[in-house]
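Before any comments, here is the structure.
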Amino acid sequence: MTVTHQAPKPPTLYIEGPAFWTPTLPGWDAARAAFRGEGALADPPAKRPSPQVLAPAERRRAPDTVALALEVAAASMAGSGRNAADVPCVFVSAHGDLSINDYMCSTLATDPTVLSPTRFHNSVHNAAVGYWTIGTGCMAASNSVSAYENSFAAGLLEAAVQCAADQSPVLLVGYDTPTVGALTSVTDSQGLLAVALVIAPERTARTVASLEWSLQENGGGTLPAPPASDAAKTLAHINPMAHALGLFESLARVEDDPPPLELPLSSALSLRLQLQRVQD
């Protein structure tokens, strides 16, 4: 006799402190209004953020990836009301810092003796999370995740599993920047885009939505659902982190009971998400 075991349903998780930054929507308040059709893209666009987590000298030297990631990470923690030093984190980027990678490759090809060691240590994928944990004194687990165009979904799955397993909140941060130089012939990435949220195992006074999640076979590949709002449509192809737009649109419209979302993880699997408004 064959005995089959059905995998248990993953536990419901809860979202706190959504944060968003792009030059045309610099902050979650602006993004939420635009995604609800109640606001417009900023004109002129904002310049890159200036995260207060860093000391002034470090803030000036930090590359765009670090500035973006730390800006939304700090905003998310402030929105959740939690102490950043106590919260594990997952930082996600499809490409890391493409500008520094282009600089390093072109310098190595022309005059390796002038290669900057400061710029080198900012080239690695875990640079942003390193700055974050140092700046906040965070001694909890920290991870860097990269899975090309599926990076946001992979990072969200990592954070959800860690939260469910440890019964502890987890900060998720995603960010990507433009392609420059020779790398433009390999991949197309434009503009600055960063997102963040806290996933928690229990509802709190700061909860904005509940999150049901599961893995689903997608029958050979799928793409994220197209954005609904004009603002999100404008950003839909900005860079790989735009895969997060559907989730953040749903967070902006959670009172309307948004439909389920599917984020591709691979050619065979998707991450299925269902947000629901938390009743008062």
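Starting from 1 in every chain, residues are counted up; chains themselves are A, B, ... following the order of the structure tokens, and ligands are numbered from 1 as listed.
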
Q | 8 Å contact set for Glu71 of chain A, only C-alpha atoms, chain neighbours under 6 positions out, as an MDAnalysis selection string | A | chainID A and resid 21 49:52

Q.
Based on the backbone DSSP call, show me all residues of segment 13-147 of chain A assigned helix (DSSP H, G or I), as an NGL selection string.
A. :A and (28-35 or 56-61 or 64-80 or 84-86 or 98-110 or 112-114 or 117-121 or 127-136)

Q. Which residues come within 6 Å of segment 125-137 of chain A, counting only C-alpha atoms, excluding same-chain residues fewer than 4 positions away, as a list of chain:residue names?
A.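 Here the answer would be A:Val53, A:Val66, A:Ala85, A:Gly96, A:Ser144.
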
Extract, using only C-alpha atoms, all DNA, RNA and protein residues at most 9 Å from Arg253 of chain A, discarding same-chain residues fewer than 3 positions from it, and format them as a PDB file with N, CA and C atoms, in the first residue's frame.
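To be explicit, this is the file written out as result-v9.pdb:
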```pdb
ATOM      1  N   ARG A  32       2.207  54.730  -2.668  1.00  0.00           N
ATOM      2  CA  ARG A  32       0.875  54.204  -2.331  1.00  0.00           C
ATOM      3  C   ARG A  32      -0.218  55.049  -2.992  1.00  0.00           C
ATOM      4  N   PHE A  35      -0.174  54.350  -6.783  1.00  0.00           N
ATOM      5  CA  PHE A  35      -0.686  53.021  -7.115  1.00  0.00           C
ATOM      6  C   PHE A  35      -2.195  52.930  -6.914  1.00  0.00           C
ATOM      7  N   ARG A  36      -2.747  53.816  -6.109  1.00  0.00           N
ATOM      8  CA  ARG A  36      -4.199  53.863  -5.901  1.00  0.00           C
ATOM      9  C   ARG A  36      -4.874  54.849  -6.871  1.00  0.00           C
ATOM     10  N   PHE A 248       3.532  45.397  -4.259  1.00  0.00           N
ATOM     11  CA  PHE A 248       3.392  46.706  -3.639  1.00  0.00           C
ATOM     12  C   PHE A 248       2.122  47.419  -4.120  1.00  0.00           C
ATOM     13  N   GLU A 249       1.707  47.166  -5.355  1.00  0.00           N
ATOM     14  CA  GLU A 249       0.393  47.652  -5.769  1.00  0.00           C
ATOM     15  C   GLU A 249      -0.704  47.029  -4.913  1.00  0.00           C
ATOM     16  N   SER A 250      -0.587  45.721  -4.662  1.00  0.00           N
ATOM     17  CA  SER A 250      -1.587  45.045  -3.840  1.00  0.00           C
ATOM     18  C   SER A 250      -1.592  45.581  -2.420  1.00  0.00           C
ATOM     19  N   ASP A 256      -9.168  46.652  -1.112  1.00  0.00           N
ATOM     20  CA  ASP A 256     -10.035  46.200  -2.206  1.00  0.00           C
ATOM     21  C   ASP A 256      -9.945  44.694  -2.432  1.00  0.00           C
ATOM     22  N   ASP A 257      -9.308  43.960  -1.515  1.00  0.00           N
ATOM     23  CA  ASP A 257      -9.129  42.510  -1.667  1.00  0.00           C
ATOM     24  C   ASP A 257      -8.495  42.174  -3.025  1.00  0.00           C
ATOM     25  N   PRO A 258      -7.224  42.481  -3.202  1.00  0.00           N
ATOM     26  CA  PRO A 258      -6.569  42.267  -4.491  1.00  0.00           C
ATOM     27  C   PRO A 258      -6.515  40.794  -4.873  1.00  0.00           C
TER      28      PRO A 258
END
```

Q.
Let me make sure I understand: among A:His95, A:Lys9, A:Arg277, A:Arg48, which one has the smallest atom-to-atom distance to Ala164 of chain A if we use only C-alpha atoms?
A. A:Lys9

**Q.** Selected residue, from A:Pro44, A:Ser185, A:Ser267, A:Gly174, that lies nearest to Leu245 of chain A when counting only C-alpha atoms
**A.**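 Of A:Pro44, A:Ser185, A:Ser267, A:Gly174, the one nearest Leu245 of chain A is A:Gly174, counting only C-alpha atoms.
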
Q | Of the listed residues A:Ala55, A:Ile15, A:Leu247, A:Leu70, that which approaches Pro259 of chain A most closely, counting only C-alpha atoms | A |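 Answer, going by the shortest atom-to-atom distance: A:Leu247.
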
Q. Just how far from atom CA of Asp102 of chain A is atom CA of Val180 of chain A, in Å to one decimal?
A.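 Between these atoms lies a distance of 6.8 Å.
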
Q) Taking into account only C-alpha atoms, which residue in the set A:Thr179, A:Met139, A:Pro26, A:Ala154 is nearest to Asp86 of chain A? A) A:Met139

Q | Residue neighbourhood Ser214 of chain A, 12 Å, only C-alpha atoms, exclusion window fewer than 5 positions, as a list in words | A |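 The residues satisfying every condition are Ala7, Pro8, Lys9, Pro10, Pro11, Thr12, Leu13, Ala153, Leu156, Leu157, Ala160, Val161, Pro260, Leu261, Glu262, Leu263, Leu265, Leu269, Ser270, Leu271, Arg272, Leu273 and Gln274 of chain A.
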